[in-house]
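Shown below: work_9.txt, with compact mmCIF, C-alpha atoms and all ligand atoms.
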```txt
# COMPACT_ATOMS: atom_id res chain seq x y z
CA MET A 717 -55.12 54.16 -69.84
CA SER A 718 -53.47 55.07 -66.53
CA GLY A 719 -51.65 58.38 -66.08
CA SER A 720 -48.24 56.84 -66.58
CA SER A 721 -49.38 55.36 -69.91
CA PHE A 722 -49.36 58.82 -71.44
CA ARG A 723 -45.67 58.44 -72.07
CA ARG A 724 -45.34 60.94 -74.88
CA ILE A 725 -47.20 64.27 -74.93
CA GLY A 726 -47.50 66.36 -78.10
CA VAL A 727 -47.89 70.12 -77.80
CA MET A 728 -49.34 71.91 -80.86
CA GLY A 729 -48.37 75.56 -80.76
CA ALA A 730 -44.97 76.79 -79.64
CA GLY A 731 -45.88 80.22 -78.27
CA ALA A 732 -45.59 81.28 -74.64
CA TRP A 733 -48.21 78.89 -73.25
CA GLY A 734 -47.27 75.91 -75.43
CA THR A 735 -43.63 76.24 -74.41
CA ALA A 736 -44.53 76.59 -70.71
CA LEU A 737 -46.79 73.54 -70.86
CA ALA A 738 -44.10 71.56 -72.67
CA ASN A 739 -41.75 72.24 -69.77
CA ALA A 740 -44.51 71.42 -67.27
CA ALA A 741 -45.23 68.08 -68.95
CA ALA A 742 -41.51 67.31 -68.93
CA ARG A 743 -41.41 68.10 -65.22
CA ALA A 744 -44.27 65.63 -64.79
CA GLY A 745 -42.05 62.92 -66.26
CA ARG A 746 -43.40 62.86 -69.85
CA GLU A 747 -41.46 62.87 -73.09
CA VAL A 748 -42.56 65.97 -74.97
CA VAL A 749 -42.79 66.89 -78.64
CA LEU A 750 -43.29 70.65 -79.06
CA TRP A 751 -44.62 71.47 -82.54
CA GLY A 752 -44.57 74.90 -84.19
CA ARG A 753 -45.51 75.74 -87.77
CA ASP A 754 -42.41 77.83 -88.47
CA ALA A 755 -39.57 75.42 -89.31
CA GLY A 756 -36.87 78.08 -88.92
CA ALA A 757 -38.10 79.19 -85.52
CA MET A 758 -38.31 75.58 -84.31
CA ALA A 759 -34.77 74.87 -85.52
CA ASP A 760 -33.56 77.98 -83.66
CA MET A 761 -35.43 76.83 -80.53
CA ALA A 762 -33.85 73.40 -80.79
CA ALA A 763 -30.37 74.95 -81.07
CA ALA A 764 -30.81 77.61 -78.36
CA ARG A 765 -32.89 75.31 -76.05
CA GLU A 766 -35.03 78.38 -75.36
CA ASN A 767 -38.07 80.10 -76.88
CA ARG A 768 -36.41 83.47 -77.15
CA ALA A 769 -39.38 85.15 -78.84
CA ASP A 770 -42.19 84.19 -76.45
CA LEU A 771 -40.64 82.91 -73.22
CA PRO A 772 -37.16 84.44 -72.96
CA GLY A 773 -34.87 83.44 -70.13
CA ILE A 774 -36.42 80.01 -69.51
CA ALA A 775 -34.41 76.96 -70.58
CA LEU A 776 -36.30 74.20 -72.41
CA ASP A 777 -36.32 71.00 -70.41
CA PRO A 778 -33.89 68.47 -71.97
CA VAL A 779 -36.74 66.03 -72.80
CA VAL A 780 -38.64 68.60 -74.88
CA SER A 781 -38.08 68.14 -78.64
CA PRO A 782 -38.95 71.23 -80.72
CA VAL A 783 -40.18 70.07 -84.17
CA SER A 784 -42.06 71.37 -87.21
CA ASP A 785 -43.15 67.94 -88.53
CA LEU A 786 -46.78 67.25 -87.57
CA ASN A 787 -46.33 63.49 -88.04
CA LEU A 788 -44.40 63.52 -84.77
CA ILE A 789 -47.49 64.90 -82.99
CA ALA A 790 -49.70 62.21 -84.50
CA ASP A 791 -47.45 59.60 -82.84
CA CYS A 792 -48.03 60.95 -79.32
CA ASP A 793 -50.29 59.48 -76.62
CA ALA A 794 -52.14 62.77 -75.99
CA VAL A 795 -52.02 66.24 -77.52
CA LEU A 796 -52.21 69.68 -75.91
CA LEU A 797 -53.72 72.17 -78.37
CA VAL A 798 -52.11 75.55 -77.62
CA VAL A 799 -52.66 77.81 -80.62
CA PRO A 800 -54.94 80.89 -80.45
CA ALA A 801 -58.63 79.96 -80.33
CA GLN A 802 -59.42 81.33 -83.79
CA ALA A 803 -56.62 79.17 -85.27
CA CYS A 804 -57.50 75.87 -83.56
CA ARG A 805 -59.74 74.51 -86.34
CA GLU A 806 -57.14 75.22 -89.02
CA ALA A 807 -54.30 73.70 -86.98
CA LEU A 808 -56.32 70.54 -86.27
CA GLY A 809 -57.22 70.30 -89.95
CA HIS A 810 -53.53 69.77 -90.74
CA LEU A 811 -53.33 66.97 -88.17
CA GLY A 812 -56.47 65.38 -89.66
CA SER A 813 -56.12 61.87 -90.96
CA ARG A 814 -52.66 61.34 -89.43
CA MET A 815 -54.20 61.10 -85.97
CA ARG A 816 -55.25 57.76 -84.47
CA ALA A 817 -58.80 57.31 -83.15
CA GLY A 818 -59.20 57.71 -79.39
CA MET A 819 -56.40 60.26 -79.00
CA PRO A 820 -57.10 62.74 -76.18
CA VAL A 821 -56.82 66.30 -77.54
CA ILE A 822 -56.75 68.86 -74.73
CA SER A 823 -57.70 72.44 -75.57
CA CYS A 824 -55.54 74.93 -73.70
CA ALA A 825 -56.80 77.89 -75.76
CA LYS A 826 -59.19 80.39 -74.18
CA GLY A 827 -61.79 81.66 -76.58
CA ILE A 828 -64.92 80.95 -78.62
CA GLU A 829 -64.77 80.59 -82.40
CA ARG A 830 -66.24 83.54 -84.25
CA GLY A 831 -68.81 82.81 -86.94
CA THR A 832 -69.60 79.28 -85.76
CA ARG A 833 -70.05 80.22 -82.03
CA ALA A 834 -68.24 76.95 -81.26
CA PHE A 835 -66.46 76.28 -77.98
CA MET A 836 -63.01 74.71 -78.34
CA SER A 837 -64.12 71.20 -77.35
CA ASP A 838 -66.70 71.38 -80.17
CA VAL A 839 -64.07 72.57 -82.62
CA ILE A 840 -61.96 69.53 -81.67
CA ALA A 841 -64.94 67.15 -82.02
CA GLU A 842 -65.83 68.59 -85.43
CA ALA A 843 -62.30 68.83 -86.82
CA LEU A 844 -61.15 65.44 -85.46
CA PRO A 845 -64.24 63.24 -84.98
CA GLY A 846 -62.14 60.35 -83.60
CA ALA A 847 -60.48 62.44 -80.87
CA LEU A 848 -61.42 62.62 -77.19
CA PRO A 849 -61.79 66.35 -76.45
CA ALA A 850 -60.62 67.72 -73.10
CA VAL A 851 -59.95 71.17 -71.64
CA LEU A 852 -57.12 72.50 -69.48
CA SER A 853 -57.92 75.91 -67.99
CA GLY A 854 -57.32 77.96 -64.89
CA PRO A 855 -55.22 80.78 -63.44
CA SER A 856 -51.80 80.20 -64.96
CA PHE A 857 -49.47 82.72 -66.55
CA ALA A 858 -47.02 81.02 -68.89
CA SER A 859 -44.04 82.66 -67.21
CA ASP A 860 -45.17 81.46 -63.75
CA VAL A 861 -45.69 77.88 -64.92
CA ALA A 862 -42.45 77.81 -66.88
CA ALA A 863 -40.54 79.10 -63.86
CA GLY A 864 -41.98 76.27 -61.75
CA LEU A 865 -44.01 78.56 -59.47
CA PRO A 866 -46.91 76.77 -57.74
CA THR A 867 -49.99 76.73 -59.99
CA ALA A 868 -53.36 74.94 -59.95
CA VAL A 869 -55.70 74.45 -62.91
CA THR A 870 -58.68 72.36 -63.99
CA LEU A 871 -58.50 69.44 -66.43
CA ALA A 872 -61.94 68.48 -67.75
CA ALA A 873 -63.02 65.60 -69.99
CA ARG A 874 -66.45 64.10 -70.44
CA ASP A 875 -65.12 60.73 -69.25
CA GLY A 876 -64.16 61.21 -65.59
CA ALA A 877 -61.57 58.43 -65.66
CA LEU A 878 -59.82 60.05 -68.61
CA ALA A 879 -59.83 63.45 -66.88
CA LYS A 880 -58.28 61.85 -63.82
CA ASP A 881 -55.62 60.01 -65.83
CA LEU A 882 -54.65 63.11 -67.78
CA ALA A 883 -54.49 65.19 -64.59
CA GLN A 884 -52.21 62.58 -63.08
CA ALA A 885 -50.02 62.41 -66.18
CA LEU A 886 -49.50 66.18 -66.40
CA GLY A 887 -49.38 67.09 -62.71
CA SER A 888 -46.17 67.67 -60.80
CA SER A 889 -45.01 69.19 -57.53
CA THR A 890 -45.45 72.66 -59.06
CA LEU A 891 -48.52 72.16 -61.28
CA ARG A 892 -51.60 70.75 -59.57
CA LEU A 893 -54.48 69.65 -61.80
CA TYR A 894 -58.01 69.18 -60.46
CA HIS A 895 -60.07 66.83 -62.63
CA SER A 896 -63.64 67.46 -63.72
CA THR A 897 -66.26 66.18 -66.16
CA ASP A 898 -67.65 69.70 -66.76
CA VAL A 899 -65.96 70.39 -70.09
CA ARG A 900 -68.33 73.23 -70.98
CA GLY A 901 -67.90 74.95 -67.62
CA ALA A 902 -64.11 74.78 -67.84
CA GLU A 903 -63.99 76.33 -71.29
CA ILE A 904 -66.56 79.06 -70.62
CA GLY A 905 -64.57 80.58 -67.75
CA GLY A 906 -61.36 80.89 -69.74
CA ALA A 907 -63.10 82.49 -72.72
CA ALA A 908 -65.27 84.95 -70.81
CA LYS A 909 -62.68 86.15 -68.31
CA ASN A 910 -60.50 87.49 -71.14
CA VAL A 911 -63.26 89.92 -72.17
CA LEU A 912 -63.73 90.98 -68.55
CA ALA A 913 -59.95 91.43 -68.17
CA ILE A 914 -60.02 93.93 -71.03
CA ALA A 915 -62.73 95.83 -69.12
CA ALA A 916 -60.61 95.74 -65.96
CA GLY A 917 -57.65 97.07 -67.95
CA ILE A 918 -59.79 99.92 -69.32
CA VAL A 919 -60.80 100.85 -65.76
CA ALA A 920 -57.13 100.96 -64.74
CA GLY A 921 -56.00 102.83 -67.86
CA ARG A 922 -58.77 105.41 -67.37
CA LYS A 923 -57.75 105.75 -63.69
CA LEU A 924 -61.29 105.09 -62.45
CA GLY A 925 -60.08 103.93 -59.04
CA ALA A 926 -59.91 100.78 -56.93
CA SER A 927 -63.62 100.88 -56.04
CA ALA A 928 -64.62 100.80 -59.70
CA ALA A 929 -62.13 97.97 -60.32
CA ALA A 930 -63.70 95.86 -57.55
CA ALA A 931 -67.24 96.60 -58.76
CA LEU A 932 -66.22 95.58 -62.27
CA VAL A 933 -64.87 92.21 -61.11
CA ALA A 934 -67.95 91.48 -58.97
CA ARG A 935 -70.46 92.47 -61.66
CA GLY A 936 -68.34 90.74 -64.31
CA PHE A 937 -68.45 87.57 -62.26
CA ALA A 938 -72.26 87.88 -62.03
CA GLU A 939 -72.48 87.91 -65.82
CA LEU A 940 -70.04 85.02 -66.10
CA MET A 941 -72.34 83.01 -63.80
CA ARG A 942 -75.42 83.90 -65.88
CA PHE A 943 -73.70 83.07 -69.16
CA GLY A 944 -72.32 79.83 -67.73
CA ALA A 945 -75.73 78.72 -66.45
CA ALA A 946 -77.32 79.43 -69.84
CA TYR A 947 -74.73 77.30 -71.62
CA GLY A 948 -74.75 74.35 -69.23
CA ALA A 949 -71.78 75.06 -66.94
CA ARG A 950 -71.95 73.75 -63.40
CA PRO A 951 -71.93 76.46 -60.72
CA GLU A 952 -68.97 74.87 -58.90
CA THR A 953 -66.90 75.10 -62.08
CA ILE A 954 -67.68 78.80 -62.51
CA THR A 955 -66.73 79.45 -58.86
CA GLY A 956 -63.63 77.26 -59.26
CA LEU A 957 -60.16 77.67 -60.75
CA SER A 958 -61.20 77.98 -64.40
CA GLY A 959 -63.89 80.58 -63.62
CA LEU A 960 -63.46 82.82 -60.61
CA GLY A 961 -59.81 81.79 -60.19
CA ASP A 962 -58.81 82.90 -63.67
CA LEU A 963 -61.04 86.00 -63.50
CA ILE A 964 -59.18 87.13 -60.37
CA LEU A 965 -55.78 86.50 -61.97
CA THR A 966 -56.44 88.20 -65.27
CA THR A 967 -58.24 91.25 -63.88
CA SER A 968 -55.41 91.89 -61.40
CA GLY A 969 -52.79 93.61 -63.47
CA PRO A 970 -50.74 94.07 -66.61
CA GLN A 971 -49.00 90.68 -66.47
CA SER A 972 -52.22 89.67 -68.27
CA ARG A 973 -52.08 90.56 -71.96
CA ASN A 974 -55.85 91.12 -72.01
CA PHE A 975 -55.60 93.51 -69.06
CA ALA A 976 -52.61 95.27 -70.67
CA PHE A 977 -54.56 95.60 -73.94
CA GLY A 978 -57.50 97.15 -72.07
CA ARG A 979 -55.26 99.42 -70.05
CA ALA A 980 -53.67 100.78 -73.22
CA LEU A 981 -57.16 101.40 -74.66
CA GLY A 982 -58.25 103.16 -71.48
CA ALA A 983 -55.15 105.34 -71.46
CA GLY A 984 -55.50 106.14 -75.16
CA GLU A 985 -52.18 104.44 -75.97
CA ALA A 986 -51.23 101.94 -78.67
CA GLY A 987 -51.35 98.31 -77.43
CA ALA A 988 -48.25 96.12 -77.13
CA GLY A 989 -49.29 93.93 -80.08
CA LYS A 990 -49.43 90.73 -78.02
CA LEU A 991 -52.25 88.19 -78.28
CA ALA A 992 -55.37 89.46 -76.44
CA GLU A 993 -57.92 86.66 -76.95
CA GLY A 994 -60.73 88.69 -75.37
CA ALA A 995 -60.67 91.09 -78.32
CA PHE A 996 -61.67 88.18 -80.59
CA THR A 997 -64.14 86.61 -78.17
CA ALA A 998 -66.07 89.74 -77.13
CA SER A 999 -68.43 89.95 -80.10
CA VAL A 1000 -69.21 86.23 -80.32
CA LEU A 1001 -69.78 86.01 -76.56
CA VAL A 1002 -72.22 88.94 -76.71
CA GLU A 1003 -74.05 87.34 -79.66
CA MET A 1004 -74.33 84.06 -77.77
CA ALA A 1005 -75.57 85.81 -74.64
CA ALA A 1006 -78.25 87.62 -76.68
CA ALA A 1007 -79.30 84.32 -78.28
CA LYS A 1008 -80.13 82.97 -74.81
CA GLY A 1009 -81.52 86.24 -73.43
CA VAL A 1010 -78.62 86.63 -70.98
CA ASP A 1011 -77.64 90.13 -69.84
CA VAL A 1012 -73.87 90.72 -70.12
CA PRO A 1013 -73.51 94.51 -69.85
CA VAL A 1014 -69.77 94.61 -69.12
CA SER A 1015 -68.88 92.32 -72.03
CA ALA A 1016 -71.32 94.20 -74.27
CA ALA A 1017 -69.59 97.48 -73.35
CA VAL A 1018 -66.19 95.99 -74.24
CA ASP A 1019 -67.59 94.76 -77.56
CA ALA A 1020 -69.13 98.17 -78.33
CA VAL A 1021 -65.84 99.95 -77.59
CA LEU A 1022 -63.80 97.50 -79.69
CA ALA A 1023 -66.24 97.78 -82.59
CA GLY A 1024 -66.16 101.59 -82.37
CA ARG A 1025 -69.87 101.89 -81.59
CA LEU A 1026 -69.14 103.63 -78.29
CA GLY A 1027 -66.26 105.64 -76.89
CA ILE A 1028 -64.86 104.59 -73.53
CA ASP A 1029 -66.47 107.45 -71.62
CA GLY A 1030 -69.80 106.78 -73.31
CA ALA A 1031 -69.57 103.09 -72.40
CA ILE A 1032 -68.88 103.92 -68.74
CA GLU A 1033 -71.78 106.41 -68.66
CA ALA A 1034 -74.11 103.83 -70.19
CA LEU A 1035 -73.09 101.20 -67.59
CA MET A 1036 -73.68 103.62 -64.72
CA ALA A 1037 -77.04 104.77 -66.12
CA ARG A 1038 -78.54 101.29 -66.43
CA PRO A 1039 -81.90 100.94 -64.68
CA GLN A 1040 -81.64 100.07 -61.01
CA ARG A 1041 -82.05 96.38 -60.32
CA ALA A 1042 -81.84 93.92 -57.47
CA GLU A 1043 -78.41 92.38 -56.91
N1 LIG B 1 -49.69 82.87 -72.20
C1 LIG B 1 -50.41 82.46 -71.15
O1 LIG B 1 -50.06 82.79 -70.00
C2 LIG B 1 -51.61 81.62 -71.33
C3 LIG B 1 -52.24 81.47 -72.56
N2 LIG B 1 -53.35 80.70 -72.70
C4 LIG B 1 -54.03 80.55 -73.98
O2 LIG B 1 -53.21 79.79 -74.87
C5 LIG B 1 -53.47 80.18 -76.22
C6 LIG B 1 -52.15 80.49 -76.89
O3 LIG B 1 -51.57 81.58 -76.19
P1 LIG B 1 -50.00 81.88 -76.16
O4 LIG B 1 -49.20 80.67 -76.37
O5 LIG B 1 -49.75 82.64 -74.93
O6 LIG B 1 -49.88 82.85 -77.42
P2 LIG B 1 -48.59 83.25 -78.27
O7 LIG B 1 -48.99 84.42 -79.08
O8 LIG B 1 -47.41 83.34 -77.37
O9 LIG B 1 -48.37 81.98 -79.21
C7 LIG B 1 -49.31 81.51 -80.13
C8 LIG B 1 -48.59 80.54 -81.07
O10 LIG B 1 -49.54 79.96 -81.96
C9 LIG B 1 -48.98 79.97 -83.27
N3 LIG B 1 -50.06 79.96 -84.26
C10 LIG B 1 -50.91 80.96 -84.56
N4 LIG B 1 -51.75 80.57 -85.53
C11 LIG B 1 -51.43 79.29 -85.84
C12 LIG B 1 -51.92 78.34 -86.78
N5 LIG B 1 -52.94 78.64 -87.58
N6 LIG B 1 -51.35 77.11 -86.82
C13 LIG B 1 -50.33 76.82 -86.01
N7 LIG B 1 -49.80 77.67 -85.11
C14 LIG B 1 -50.35 78.89 -85.03
C15 LIG B 1 -48.14 81.23 -83.32
O11 LIG B 1 -47.16 81.13 -84.35
C16 LIG B 1 -47.52 81.22 -81.93
O12 LIG B 1 -46.35 80.43 -81.88
C17 LIG B 1 -54.43 81.38 -76.13
O13 LIG B 1 -55.75 80.93 -76.37
C18 LIG B 1 -54.29 81.86 -74.70
O14 LIG B 1 -55.48 82.48 -74.21
C19 LIG B 1 -53.88 80.04 -71.63
C20 LIG B 1 -53.29 80.12 -70.39
C21 LIG B 1 -52.12 80.92 -70.14
O1 LIG B 2 -55.10 82.97 -69.35
C1 LIG B 2 -54.15 83.48 -68.80
C2 LIG B 2 -53.83 83.21 -67.38
O2 LIG B 2 -54.62 82.23 -66.83
C3 LIG B 2 -53.29 84.42 -69.53
O3 LIG B 2 -53.96 85.62 -69.63
P1 LIG B 2 -53.56 86.66 -70.77
O4 LIG B 2 -53.79 85.96 -72.10
O5 LIG B 2 -54.49 87.81 -70.56
O6 LIG B 2 -52.13 87.03 -70.57
```

In structure tokens, write the structure found in this file.
Ligand SMILES: NC(=O)C1=CN([C@@H]2O[C@H](COP(=O)(O)OP(=O)(O)OC[C@H]3O[C@@H](n4cnc5c(N)ncnc54)[C@H](O)[C@@H]3O)[C@@H](O)[C@H]2O)C=CC1
Ligand SMILES: O=C(CO)COP(=O)(O)O
Amino acid sequence: MSGSSFRRIGVMGAGAWGTALANAAARAGREVVLWGRDAGAMADMAAARENRADLPGIALDPVVSPVSDLNLIADCDAVLLVVPAQACREALGHLGSRMRAGMPVISCAKGIERGTRAFMSDVIAEALPGALPAVLSGPSFASDVAAGLPTAVTLAARDGALAKDLAQALGSSTLRLYHSTDVRGAEIGGAAKNVLAIAAGIVAGRKLGASAAAALVARGFAELMRFGAAYGARPETITGLSGLGDLILTTSGPQSRNFAFGRALGAGEAGAGKLAEGAFTASVLVEMAAAKGVDVPVSAAVDAVLAGRLGIDGAIEALMARPQRAE
């Protein structure tokens, strides 16, 4: 199927990122069905032509149809899956038998499923065995993409021709998609950087200084490379947009919800209550690292703090007191 054959794109999940991607797909010339589970909220969005709750101030493109009927998603040529990682399996379960075989389903969620230790492409393959799993990931704040600011991300599918077609179908003058066949690499970066962004936020909230912030990003990237290698990611994916690119973005400041969550923790304040995927991924990522004998001290410190096993100052002391090692 060539890029232009993906005439109608379905977006499952009408939060900040789903709404931004709906507008981006519209800008790329697609018809877009934006599905949310709350019928009232979707009716309000259809009337206001704006997602006032999650993406205020950005008008919905005229070709985006907000709906709450999943049958309209099943009719689409490809689906973007944009609900939180821990909710993906349940959301796909509702789509289930309505979906035709061979439908590309593109995970845009950044996380690893707790309990099963499944990456999102595996969740898609298990929940919808007839689907073609793909991953869209990279440095891209919803508000930037929705505002049409220049953004570049990775689109990965096991079949290189499909990845290329999807990248062509969704790309526009403001959203550039690089295609890849490294599905695992693309999804590892997005999941792991959220945990590291919480750590970066803690460093900022605790006022540990710019030197500590830079050390955190560099050592965090080292553990991302080790974890990626253990789980089959290609090095060029980890050093690319979905790995290093997104790590840089999300460890840079409070526009990231994960960073903001960490900063509030570090400052001893209550968080803003927004989705911070890294808080859900930390423990499963640390379990998976241990299962492969991979050292992830920064992520393990975040997990220990979130689980209440260590205080923030104790976690920092423990990181600084680790045995000396070669870089
Ligand atoms: N906001 C951003 O800038 C970006 C977000 N992402 C990723 O996209 C995913 C979604 O994030 P956002 O849209 O920003 O979050 P959000 O909190 O703005 O929206 C999440 C949406 O999913 C819906 N939802 C939750 N559970 C559901 C379920 N079981 N079934 C159906 N719908 C359900 C919620 O009602 C809400 O509308 C996350 O994994 C996030 O890491 C990725 C790139 C950028
Ligand atoms: O993944 C993102 C940008 O690429 C969004 O990060 P936050 O979820 O931390 O806001």

Inset, instruction - Go through A:Ser813, A:Thr867, A:Ser968, A:Asn767 one by one, measure the shortest atom-to-atom distance of each to Leu786 of chain A using all atoms listed in the file, and give the residue with the smallest value. - result: A:Ser813

Inset, instruction - Report as number ranges by chain which protein, DNA and RNA residues come within 7 Å of ligand LIG 2 (chain B), using all atoms listed in the file. - result: A: 826, 854-857, 906, 910, 913, 962, 965-966, 971-975, 991-993

Inset, instruction - Around ligand LIG 1 (chain B), at most 9 Å away and counting all atoms listed in the file, which residues are there? Put them as number ranges by chain, please. - result: A: 728-736, 751-754, 769-771, 797-808, 810, 823-827, 852-861, 906-907, 910, 971-974, 990-994

Inset, instruction - Identify, on the basis of all atoms listed in the file, every residue whose closest approach to Gln884 of chain A does not exceed 12 Å; exclude the query and any residue fewer than 5 positions from it along the same chain; express the result as a list in words. - result: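 Once the adjacent positions are removed, what remains is Met717, Ser718, Gly719, Ser720, Ser721, Phe722, Arg723, Ala741, Ala744, Gly745, Arg746, Thr870, Leu871, Ala877, Leu878, Ala879, Ser889, Leu891, Arg892, Leu893, Tyr894 and His895 of chain A.
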
Residue selection dump (C-alpha atoms) as an mmCIF file, keeping the file's coordinate frame:
```cif
data_model
loop_
_atom_site.group_PDB
_atom_site.id
_atom_site.type_symbol
_atom_site.label_atom_id
_atom_site.label_comp_id
_atom_site.auth_asym_id
_atom_site.auth_seq_id
_atom_site.Cartn_x
_atom_site.Cartn_y
_atom_site.Cartn_z
ATOM 1 C CA MET A 717 -55.120 54.160 -69.840
ATOM 2 C CA SER A 718 -53.470 55.070 -66.530
ATOM 3 C CA GLY A 719 -51.650 58.380 -66.080
ATOM 4 C CA SER A 720 -48.240 56.840 -66.580
ATOM 5 C CA SER A 721 -49.380 55.360 -69.910
ATOM 6 C CA PHE A 722 -49.360 58.820 -71.440
ATOM 7 C CA ARG A 723 -45.670 58.440 -72.070
ATOM 8 C CA ALA A 741 -45.230 68.080 -68.950
ATOM 9 C CA ALA A 744 -44.270 65.630 -64.790
ATOM 10 C CA GLY A 745 -42.050 62.920 -66.260
ATOM 11 C CA ARG A 746 -43.400 62.860 -69.850
ATOM 12 C CA THR A 870 -58.680 72.360 -63.990
ATOM 13 C CA LEU A 871 -58.500 69.440 -66.430
ATOM 14 C CA ALA A 877 -61.570 58.430 -65.660
ATOM 15 C CA LEU A 878 -59.820 60.050 -68.610
ATOM 16 C CA ALA A 879 -59.830 63.450 -66.880
ATOM 17 C CA SER A 889 -45.010 69.190 -57.530
ATOM 18 C CA LEU A 891 -48.520 72.160 -61.280
ATOM 19 C CA ARG A 892 -51.600 70.750 -59.570
ATOM 20 C CA LEU A 893 -54.480 69.650 -61.800
ATOM 21 C CA TYR A 894 -58.010 69.180 -60.460
ATOM 22 C CA HIS A 895 -60.070 66.830 -62.630
#
```

Legend entry - atom CA of Met1036 of chain A to atom CA of Pro970 of chain A, distance in Å rounded to a single decimal: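 Result for atom CA of Met1036 of chain A versus atom CA of Pro970 of chain A: 24.9 Å, one decimal.
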
Legend entry - Which of A:Arg765, A:Arg1041, A:Arg979, A:Arg724 sits closest to Lys923 of chain A [using only C-alpha atoms]: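 Of A:Arg765, A:Arg1041, A:Arg979, A:Arg724, the one nearest Lys923 of chain A is A:Arg979, counting only C-alpha atoms.
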
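Reported to one decimal place, the separation of atom CA of Ala742 of chain A from atom CA of Gly901 of chain A is 27.5 Å.
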
Inset, instruction - Identify the residues within 12 Å of coordinate (-43.3, 62.3, -88.1) (same frame as the file), considering all atoms listed in the file, and give the answer as an NGL selection string. - result: :A and (726 or 749 or 751 or 783-792 or 811 or 814-815)

Using C-alpha atoms, can you write the selected residues to a file as a PDB file, keeping the file's coordinate frame?
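out_12.pdb was written with the following content:
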```pdb
ATOM      1  CA  GLY A 726     -47.500  66.360 -78.100  1.00  0.00           C
ATOM      2  CA  VAL A 749     -42.790  66.890 -78.640  1.00  0.00           C
ATOM      3  CA  TRP A 751     -44.620  71.470 -82.540  1.00  0.00           C
ATOM      4  CA  VAL A 783     -40.180  70.070 -84.170  1.00  0.00           C
ATOM      5  CA  SER A 784     -42.060  71.370 -87.210  1.00  0.00           C
ATOM      6  CA  ASP A 785     -43.150  67.940 -88.530  1.00  0.00           C
ATOM      7  CA  LEU A 786     -46.780  67.250 -87.570  1.00  0.00           C
ATOM      8  CA  ASN A 787     -46.330  63.490 -88.040  1.00  0.00           C
ATOM      9  CA  LEU A 788     -44.400  63.520 -84.770  1.00  0.00           C
ATOM     10  CA  ILE A 789     -47.490  64.900 -82.990  1.00  0.00           C
ATOM     11  CA  ALA A 790     -49.700  62.210 -84.500  1.00  0.00           C
ATOM     12  CA  ASP A 791     -47.450  59.600 -82.840  1.00  0.00           C
ATOM     13  CA  CYS A 792     -48.030  60.950 -79.320  1.00  0.00           C
ATOM     14  CA  LEU A 811     -53.330  66.970 -88.170  1.00  0.00           C
ATOM     15  CA  ARG A 814     -52.660  61.340 -89.430  1.00  0.00           C
ATOM     16  CA  MET A 815     -54.200  61.100 -85.970  1.00  0.00           C
TER      17      MET A 815
END
```

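Taking atom CA of Gly773 of chain A and atom CA of Gly864 of chain A as the two end points, the separation is 13.1 Å.
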
Inset, instruction - May I have the residues at most 9 Å from (-66.0, 80.1, -74.5) in the file's coordinates, counting only C-alpha atoms, as a list in words? - result: Lys826, Gly827, Ile828, Glu829, Arg833, Ala834, Phe835, Met836, Arg900, Gly901, Ala902, Glu903, Ile904, Gly905, Gly906, Ala907, Ala908, Thr997 and Leu1001 of chain A

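For Arg874 of chain A, the residues within 7 Å (counting all atoms listed in the file, excluding itself and residues fewer than 5 positions away along the chain) are Thr897, Asp898 and Val899 of chain A.
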
Starting from the sparse input, extend segment 722-731 of chain A to N, CA and C atoms and give the output as a tab-separated table (two decimals), keeping the file's coordinate frame.
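Writing the result to out_39.tsv gives the following:
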```tsv
chain	number	residue	atom	x	y	z
A	722	PHE	N	-49.54	57.71	-70.50
A	722	PHE	CA	-49.36	58.82	-71.44
A	722	PHE	C	-47.87	59.17	-71.45
A	723	ARG	N	-47.13	58.31	-72.13
A	723	ARG	CA	-45.67	58.44	-72.07
A	723	ARG	C	-45.21	59.69	-72.84
A	724	ARG	N	-45.81	59.84	-74.03
A	724	ARG	CA	-45.34	60.94	-74.88
A	724	ARG	C	-46.46	61.95	-75.14
A	725	ILE	N	-46.21	63.20	-74.78
A	725	ILE	CA	-47.20	64.27	-74.93
A	725	ILE	C	-46.79	65.16	-76.11
A	726	GLY	N	-47.74	65.42	-76.99
A	726	GLY	CA	-47.50	66.36	-78.10
A	726	GLY	C	-48.08	67.71	-77.73
A	727	VAL	N	-47.38	68.77	-78.04
A	727	VAL	CA	-47.89	70.12	-77.80
A	727	VAL	C	-47.96	70.82	-79.15
A	728	MET	N	-49.17	71.19	-79.57
A	728	MET	CA	-49.34	71.91	-80.86
A	728	MET	C	-49.43	73.39	-80.58
A	729	GLY	N	-48.40	74.13	-81.00
A	729	GLY	CA	-48.37	75.56	-80.76
A	729	GLY	C	-47.21	75.87	-79.84
A	730	ALA	N	-46.21	76.56	-80.40
A	730	ALA	CA	-44.97	76.79	-79.64
A	730	ALA	C	-44.82	78.25	-79.25
A	731	GLY	N	-45.94	78.87	-78.82
A	731	GLY	CA	-45.88	80.22	-78.27
A	731	GLY	C	-45.55	80.16	-76.79
```
